[in-house]
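Structure file entry-v2.txt (compact mmCIF, C-alpha atoms and all ligand atoms) is printed below.
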# COMPACT_ATOMS: atom_id res chain seq x y z
CA MET A 38 196.87 176.59 99.83
CA GLY A 39 194.69 175.33 102.62
CA LEU A 40 195.63 174.16 106.07
CA PRO A 41 196.37 170.49 105.20
CA ASP A 42 198.59 171.57 102.27
CA ASP A 43 200.62 173.89 104.47
CA TYR A 44 200.82 171.16 107.11
CA ARG A 45 202.20 168.72 104.55
CA ALA A 46 204.72 171.25 103.24
CA MET A 47 205.95 172.03 106.76
CA ALA A 48 205.90 168.39 107.87
CA ARG A 49 208.09 167.41 104.90
CA ILE A 50 210.73 169.85 106.11
CA ARG A 51 210.41 168.81 109.78
CA ARG A 52 210.56 165.06 109.11
CA PHE A 53 213.37 165.51 106.57
CA GLU A 54 215.48 167.24 109.20
CA GLU A 55 214.56 164.92 112.06
CA ARG A 56 215.63 161.98 109.88
CA LEU A 57 218.74 163.90 108.88
CA ALA A 58 219.66 164.38 112.56
CA ALA A 59 219.23 160.63 113.13
CA LEU A 60 221.43 159.88 110.11
CA LYS A 61 224.04 162.25 111.50
CA ASP A 62 223.95 160.47 114.88
CA ALA A 63 224.41 157.19 112.99
CA GLY A 64 227.54 158.55 111.30
CA GLU A 65 226.04 158.79 107.80
CA ILE A 66 226.34 162.59 107.47
CA PRO A 67 229.81 164.15 107.52
CA GLY A 68 230.30 167.72 108.81
CA SER A 69 227.95 169.80 110.90
CA ILE A 70 224.29 170.47 110.13
CA HIS A 71 222.12 173.48 110.98
CA LEU A 72 218.44 172.67 111.28
CA CYS A 73 215.45 174.96 110.85
CA ASN A 74 213.16 173.03 113.23
CA GLY A 75 210.48 175.50 114.29
CA GLN A 76 211.09 177.88 111.38
CA GLU A 77 209.32 175.87 108.65
CA ALA A 78 206.38 178.27 108.20
CA ILE A 79 208.74 180.89 106.76
CA PRO A 80 209.99 179.06 103.63
CA VAL A 81 206.58 177.45 103.17
CA GLY A 82 204.61 180.71 103.40
CA ALA A 83 207.14 182.66 101.33
CA SER A 84 207.41 180.00 98.60
CA ARG A 85 203.67 180.17 98.09
CA ALA A 86 204.21 183.75 96.85
CA LEU A 87 206.84 182.66 94.31
CA ARG A 88 206.70 181.15 90.86
CA ASP A 89 209.06 179.09 88.73
CA GLY A 90 212.01 181.21 87.70
CA ASP A 91 212.15 183.22 90.95
CA HIS A 92 215.48 182.82 92.68
CA VAL A 93 216.01 181.92 96.33
CA THR A 94 219.26 182.35 98.24
CA ALA A 95 219.49 180.97 101.78
CA THR A 96 221.92 180.49 104.63
CA TYR A 97 223.49 177.30 106.02
CA ARG A 98 220.05 176.87 107.71
CA GLY A 99 218.45 176.57 104.29
CA HIS A 100 217.15 173.00 103.96
CA GLY A 101 213.59 174.27 104.44
CA TRP A 102 213.89 176.69 101.54
CA ALA A 103 215.33 174.02 99.24
CA ILE A 104 212.49 171.65 100.11
CA ALA A 105 209.77 174.30 99.88
CA ARG A 106 211.08 175.24 96.42
CA GLY A 107 210.82 171.66 95.22
CA VAL A 108 214.39 170.38 95.40
CA ASP A 109 214.34 166.57 95.30
CA LEU A 110 214.51 164.97 98.76
CA ALA A 111 216.65 162.00 97.71
CA ALA A 112 219.13 164.32 95.99
CA LEU A 113 219.29 166.43 99.16
CA TYR A 114 220.05 163.41 101.35
CA ALA A 115 222.60 162.09 98.85
CA GLU A 116 224.32 165.48 98.78
CA MET A 117 224.45 165.63 102.57
CA MET A 118 225.79 162.07 102.72
CA GLY A 119 228.69 163.22 100.53
CA ARG A 120 227.53 161.08 97.62
CA ASP A 121 227.76 161.94 93.93
CA SER A 122 224.35 163.66 94.00
CA ALA A 123 222.66 165.43 91.12
CA LEU A 124 222.93 168.67 93.12
CA CYS A 125 226.61 169.35 93.81
CA GLY A 126 228.16 165.90 93.57
CA GLY A 127 228.62 165.63 97.33
CA ARG A 128 230.96 168.63 97.42
CA ALA A 129 228.51 171.07 99.03
CA ALA A 130 226.88 168.88 101.70
CA SER A 131 224.45 170.49 104.16
CA PRO A 132 225.55 174.15 104.25
CA TYR A 133 226.50 174.96 100.65
CA LEU A 134 224.11 173.11 98.38
CA SER A 135 222.36 174.65 95.40
CA ASP A 136 219.99 173.53 92.64
CA PRO A 137 219.88 175.73 89.54
CA ALA A 138 217.15 173.48 88.09
CA ARG A 139 214.85 174.75 90.88
CA TRP A 140 216.29 178.30 90.81
CA PHE A 141 217.77 177.63 94.26
CA VAL A 142 220.86 179.83 94.11
CA GLY A 143 221.94 178.07 97.24
CA GLU A 144 223.20 178.29 100.76
CA ASN A 145 226.48 179.45 102.19
CA SER A 146 228.10 179.70 105.60
CA ILE A 147 229.38 183.26 105.43
CA VAL A 148 226.87 185.15 107.55
CA GLY A 149 225.11 187.78 105.43
CA ALA A 150 226.86 186.82 102.18
CA GLY A 151 223.61 185.70 100.58
CA VAL A 152 222.37 189.26 100.25
CA PRO A 153 224.94 190.52 97.71
CA ILE A 154 224.63 187.19 95.88
CA ALA A 155 220.85 187.63 95.71
CA CYS A 156 221.40 191.21 94.50
CA GLY A 157 223.30 189.70 91.58
CA ALA A 158 220.34 187.48 90.71
CA ALA A 159 218.02 190.49 91.03
CA LEU A 160 220.28 192.65 88.87
CA SER A 161 220.36 189.94 86.22
CA ALA A 162 216.54 189.71 86.27
CA GLN A 163 216.28 193.48 85.94
CA ARG A 164 218.79 193.72 83.08
CA THR A 165 217.36 190.80 81.11
CA GLY A 166 213.74 191.75 81.81
CA SER A 167 212.99 188.19 82.91
CA GLY A 168 210.41 189.35 85.44
CA ALA A 169 211.97 187.13 88.10
CA VAL A 170 212.18 188.13 91.74
CA SER A 171 215.14 187.31 93.98
CA VAL A 172 214.33 186.28 97.55
CA VAL A 173 217.05 185.99 100.15
CA SER A 174 216.73 184.60 103.65
CA ILE A 175 219.11 185.61 106.43
CA GLY A 176 219.12 185.38 110.23
CA ASP A 177 218.68 188.23 112.69
CA GLY A 178 222.40 188.34 113.48
CA ALA A 179 223.23 188.80 109.80
CA MET A 180 221.47 192.17 109.83
CA ASN A 181 224.58 193.56 111.56
CA GLN A 182 226.90 192.50 108.75
CA GLY A 183 228.43 195.33 106.71
CA ASN A 184 227.84 193.68 103.37
CA VAL A 185 224.11 193.31 104.13
CA HIS A 186 223.93 197.07 104.59
CA GLU A 187 225.89 197.70 101.39
CA ALA A 188 223.82 195.25 99.35
CA LEU A 189 220.49 196.52 100.68
CA ASN A 190 221.42 200.10 99.92
CA MET A 191 222.47 199.13 96.40
CA ALA A 192 219.23 197.18 95.89
CA ALA A 193 217.23 200.21 97.04
CA VAL A 194 219.08 202.68 94.84
CA LEU A 195 218.79 200.46 91.76
CA ASP A 196 215.17 199.39 92.51
CA LEU A 197 216.26 195.77 92.30
CA PRO A 198 213.54 193.07 92.47
CA LEU A 199 214.80 191.78 95.82
CA VAL A 200 212.91 190.57 98.89
CA LEU A 201 214.93 190.23 102.08
CA VAL A 202 213.38 187.76 104.52
CA VAL A 203 214.92 188.06 107.98
CA GLU A 204 214.24 184.91 109.98
CA ASN A 205 214.42 186.39 113.45
CA ASN A 206 214.82 183.33 115.69
CA VAL A 207 216.10 185.63 118.45
CA TYR A 208 219.55 184.04 118.62
CA SER A 209 222.71 184.54 116.65
CA GLU A 210 224.66 181.43 117.56
CA MET A 211 224.62 181.74 121.37
CA SER A 212 223.86 185.48 121.65
CA ARG A 213 220.42 187.04 122.00
CA ILE A 214 219.58 189.63 119.37
CA SER A 215 218.34 191.99 122.12
CA ASP A 216 221.93 192.13 123.43
CA MET A 217 223.24 193.10 120.00
CA VAL A 218 220.93 195.83 118.65
CA ARG A 219 219.11 198.84 120.08
CA VAL A 220 216.03 198.55 117.83
CA ARG A 221 213.10 196.47 119.05
CA GLN A 222 212.40 195.00 115.62
CA LEU A 223 214.90 194.68 112.79
CA ALA A 224 212.32 195.85 110.23
CA GLU A 225 212.59 199.28 111.89
CA ARG A 226 215.79 199.66 109.89
CA ALA A 227 213.88 199.60 106.58
CA PRO A 228 213.22 203.40 106.41
CA ALA A 229 216.98 203.98 106.57
CA TYR A 230 217.19 202.26 103.18
CA GLY A 231 214.02 203.92 101.88
CA VAL A 232 212.27 200.56 101.50
CA PRO A 233 209.14 199.05 103.11
CA GLY A 234 209.65 196.81 106.12
CA HIS A 235 207.17 194.64 107.99
CA THR A 236 207.41 192.35 110.99
CA VAL A 237 205.16 189.30 110.89
CA ASP A 238 204.46 186.15 112.87
CA GLY A 239 206.96 183.75 111.29
CA ASN A 240 205.21 180.71 112.77
CA ASP A 241 202.10 181.45 110.70
CA PRO A 242 202.51 180.55 107.00
CA ASP A 243 199.56 182.77 106.03
CA ALA A 244 201.09 185.83 107.68
CA VAL A 245 204.42 185.13 105.97
CA TYR A 246 202.69 184.57 102.64
CA GLU A 247 200.76 187.84 102.80
CA ALA A 248 203.82 189.95 103.62
CA VAL A 249 206.08 188.22 101.09
CA ALA A 250 203.40 188.30 98.36
CA GLU A 251 203.08 192.06 98.80
CA ALA A 252 206.87 192.46 98.66
CA VAL A 253 207.11 190.16 95.60
CA ASP A 254 204.39 192.13 93.76
CA ARG A 255 206.22 195.34 94.50
CA ALA A 256 209.53 193.90 93.30
CA ARG A 257 207.99 192.43 90.15
CA GLU A 258 206.42 195.71 89.12
CA GLY A 259 209.81 197.44 89.34
CA SER A 260 209.31 199.31 92.62
CA GLY A 261 212.35 197.82 94.35
CA PRO A 262 213.21 195.79 97.44
CA SER A 263 211.42 195.20 100.74
CA ILE A 264 212.29 193.70 104.09
CA VAL A 265 210.06 191.10 105.74
CA GLU A 266 211.07 190.21 109.28
CA ALA A 267 209.52 186.92 110.38
CA MET A 268 209.54 186.26 114.14
CA THR A 269 210.18 182.64 115.05
CA GLU A 270 212.07 180.33 117.42
CA ARG A 271 214.39 177.48 116.74
CA LEU A 272 213.51 174.28 118.57
CA VAL A 273 217.03 172.86 118.34
CA GLY A 274 220.59 174.05 118.79
CA HIS A 275 222.41 176.46 116.50
CA TYR A 276 224.24 173.47 115.02
CA SER A 277 224.29 169.73 115.58
CA GLY A 278 226.69 169.88 118.55
CA ASP A 279 225.09 172.78 120.43
CA ALA A 280 224.08 171.89 124.03
CA GLN A 281 222.04 175.15 124.32
CA HIS A 282 223.22 175.89 127.86
CA TYR A 283 222.61 179.60 127.15
CA ARG A 284 218.83 179.19 126.77
CA PRO A 285 216.70 179.90 129.86
CA ALA A 286 214.95 176.93 131.47
CA GLY A 287 211.56 176.28 129.92
CA GLU A 288 212.18 178.37 126.79
CA ILE A 289 212.29 175.44 124.38
CA ALA A 290 209.29 173.73 126.02
CA ALA A 291 207.29 176.96 125.61
CA ALA A 292 208.44 177.29 122.00
CA ARG A 293 207.16 173.77 121.32
CA LEU A 294 203.63 174.98 122.10
CA ARG A 295 203.93 177.84 119.60
CA GLU A 296 205.76 176.16 116.74
CA PRO A 297 203.95 175.96 113.38
CA LEU A 298 203.12 172.24 113.25
CA ALA A 299 201.90 172.17 116.86
CA ARG A 300 199.70 175.14 116.08
CA VAL A 301 198.01 173.38 113.20
CA ARG A 302 197.51 170.32 115.40
CA ALA A 303 196.02 172.47 118.18
CA ALA A 304 193.69 174.25 115.73
CA ALA A 305 192.54 170.87 114.40
CA ALA A 306 192.19 169.18 117.81
CA ALA A 307 188.39 169.56 118.04
CA ASP A 308 187.89 168.37 114.45
CA ALA A 309 188.25 164.58 114.31
CA GLU A 310 188.08 164.45 110.52
CA LEU A 311 190.82 167.04 110.07
CA THR A 312 192.97 165.38 112.74
CA ALA A 313 192.68 162.06 110.92
CA ARG A 314 193.70 163.81 107.71
CA LEU A 315 196.76 165.28 109.39
CA ASP A 316 197.65 161.83 110.77
CA ALA A 317 197.42 160.44 107.23
CA ILE A 318 199.65 163.25 105.94
CA ASP A 319 202.22 162.42 108.64
CA ALA A 320 202.23 158.77 107.56
CA GLU A 321 202.60 159.71 103.89
CA VAL A 322 205.41 162.13 104.62
CA THR A 323 207.25 159.55 106.75
CA ALA A 324 207.01 157.04 103.87
CA GLU A 325 208.23 159.68 101.39
CA ILE A 326 211.20 160.48 103.63
CA GLU A 327 212.15 156.81 104.08
CA ALA A 328 212.00 156.27 100.32
CA ALA A 329 214.27 159.29 99.82
CA VAL A 330 216.81 157.95 102.34
CA THR A 331 216.82 154.55 100.61
CA ALA A 332 217.30 156.18 97.20
CA ALA A 333 220.10 158.39 98.54
CA ARG A 334 221.96 155.41 100.01
CA ALA A 335 221.98 153.84 96.54
CA VAL A 336 223.85 156.83 95.04
CA PRO A 337 227.58 156.04 94.70
CA THR A 338 230.24 158.13 96.37
CA PRO A 339 232.20 160.43 94.02
CA ASP A 340 234.98 158.89 91.94
CA PRO A 341 238.28 159.75 93.73
CA ALA A 342 239.73 160.59 90.30
CA THR A 343 237.43 163.65 90.24
CA ALA A 344 238.74 165.04 93.57
CA LYS A 345 240.50 167.93 91.87
CA GLU A 346 237.52 168.97 89.76
CA HIS A 347 235.53 172.13 90.61
CA VAL A 348 238.40 173.76 92.50
CA TYR A 349 240.07 177.01 91.48
CA VAL A 350 243.64 176.27 92.57
C1 LIG B 401 231.04 186.53 108.36
C2 LIG B 401 230.82 185.49 109.42
N1 LIG B 401 230.98 185.86 110.72
C3 LIG B 401 230.79 184.94 111.70
C4 LIG B 401 230.46 183.65 111.39
C5 LIG B 401 230.22 182.62 112.52
N2 LIG B 401 228.78 182.38 112.60
C6 LIG B 401 228.22 181.30 112.00
S1 LIG B 401 226.56 181.26 112.21
C7 LIG B 401 226.58 182.66 113.12
C8 LIG B 401 225.30 183.21 113.71
C9 LIG B 401 224.39 183.85 112.71
O1 LIG B 401 223.16 184.12 113.32
P1 LIG B 401 221.90 184.56 112.53
O2 LIG B 401 222.29 185.45 111.39
O3 LIG B 401 220.93 185.11 113.50
O4 LIG B 401 221.34 183.22 111.87
P2 LIG B 401 220.86 181.87 112.54
O5 LIG B 401 222.08 181.01 112.71
O6 LIG B 401 220.17 182.19 113.81
O7 LIG B 401 219.93 181.27 111.53
C10 LIG B 401 227.87 183.16 113.25
C11 LIG B 401 228.21 184.40 113.99
C12 LIG B 401 230.34 183.31 110.02
N3 LIG B 401 230.03 182.08 109.64
N4 LIG B 401 230.49 184.25 109.06

Since I need it in another form, could you write the structure as structure tokens?
Ligand SMILES: Cc1ncc(C[n+]2csc(CCOP(=O)(O)OP(=O)(O)O)c2C)c(N)n1
Amino acid sequence: MGLPDDYRAMARIRRFEERLAALKDAGEIPGSIHLCNGQEAIPVGASRALRDGDHVTATYRGHGWAIARGVDLAALYAEMMGRDSALCGGRAASPYLSDPARWFVGENSIVGAGVPIACGAALSAQRTGSGAVSVVSIGDGAMNQGNVHEALNMAAVLDLPLVLVVENNVYSEMSRISDMVRVRQLAERAPAYGVPGHTVDGNDPDAVYEAVAEAVDRAREGSGPSIVEAMTERLVGHYSGDAQHYRPAGEIAAARLREPLARVRAAAAADAELTARLDAIDAEVTAEIEAAVTAARAVPTPDPATAKEHVYV
């Protein structure tokens, strides 16, 4: 993919979430939402290294992965509006949605829980010989979860086709990662599992692509899992109600100069033709997003008679 394609892919995620935040403010989205504003280059770069049939498991901050993997925008909005969407019928909303049709195993809110789930997808691929790779995204804080350690060790021992992408946005809720670990980079933990680990610039889709493509190749050829740590910054709060009082003055303003879309714009600034192309992409993406919102609003809410379906007890 070239620069305008990456820009479009990242802009779709950014505008989707900005519109989502406005819908939430307007009372159209129940529950809390966790946005990936600033982190878009990671799902976009990583997804470029994947093919149909490869599984992705994400966290509650997973809208970007769903979109990068081709999940329908209108279905995503409908799901988050609590409507009877084609994804999870409005039961999953923002933090739990999945789309088997796009091999999106899904999100969940239990920090670190995606890794054992993704191990299951990887184990299935290995046993069936499907050739699929299982990619799982977690945050930096999740690297301290016990089940992440257990799952990673199991993946290493069984040579599972797993790629762990750690989106290191420096914060775990309101705590800085540097206050929680004694390693400088989380990828330094990779040798303890006997797997490769690399730290890359997570605001650069090319850097993410290169590292993930290498890890995917390795997984596909049966050589086991890898860790890719992608350094990034979130431009918004941990969740929709986070006032971010814990962030030093000026930190977010500085991050806005380094974030992936601003970078593309800065690189294109001296090129009038490219800038005009990016402007056109922005207009097209905005129209696509508005059409998706309109389509989502037309989806009915679930039939109350189905309230007891899809529950275990
Ligand atoms: C097992 C578990 N412990 C604690 C929480 C509360 N919690 C929700 S999000 C979060 C922070 C996770 O931070 P990180 O893994 O860095 O991901 P980020 O939110 O930055 O994407 C915590 C502690 C939880 N949901 N699950």

Looking at A:Asp216, A:Asp308, A:Asp238, A:Asp121, which one is nearest to Glu204 of chain A, with distances taken over all atoms listed in the file?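 Closest to Glu204 of chain A of all the choices is A:Asp238.
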
If you take every atom of ligand LIG 401 (chain B) that the file lists and fit an axis-aligned box around them with 8 Å extra on each side, what centre and edge lengths come out in Å to one decimal, as AutoDock Vina command-line options?
--center_x 225.5 --center_y 183.8 --center_z 111.2 --size_x 27.1 --size_y 21.5 --size_z 21.6

Close residues, segment 149-154 of chain A itself excluded, 7 Å, all atoms listed in the file, min 3 positions apart in chain, as a list in words: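 Counting only the stated atoms, we get Thr94, Ala95, Thr96, Gly157, Ala158, Val173, Ile175, Ala179, Gln182, Asn184, Val185 and Ala188 of chain A.
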
Counting all atoms listed in the file, name the residues that have an atom within 6 Å of an atom of ligand LIG 401 (chain B); the answer should be given as a list of chain:residue names. A:Arg98, A:Ser146, A:Ile147, A:Val148, A:Ile175, A:Gly176, A:Asp177, A:Gly178, A:Ala179, A:Asn206, A:Tyr208, A:Ser209, A:Glu210, A:His275

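Summary of the local environment: counting all atoms listed in the file, residues at most 8 Å from Asn190 of chain A, other than itself and those fewer than 4 positions away along its chain, are A:His186, A:Val194, A:Tyr230.
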
All residues 8 Å or closer to segment 82-85 of chain A, all atoms listed in the file, same chain fewer than 4 positions away omitted, as a PyMOL selection string: chain A and resi 38+43+78+102+105-106+241-246+249-250

Tell me which protein, DNA and RNA residues are within 6 Å of segment 295-305 of chain A, counting all atoms listed in the file, leaving out same-chain ones fewer than 4 positions away, and put them as a PyMOL selection string. chain A and resi 75+240+312

Go through A:Ala320, A:Ala227, A:Met118, A:Cys73 one by one, measure the shortest atom-to-atom distance of each to Tyr97 of chain A using all atoms listed in the file, and give the residue with the smallest value.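 Closest to Tyr97 of chain A, using all atoms listed in the file: A:Cys73.
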
Which is closer to Leu195 of chain A than all the others in A:Pro228, A:Gly261, A:Gly168, A:Gly234, using all atoms listed in the file?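 That would be A:Gly261, the residue with the smallest distance to Leu195 of chain A.
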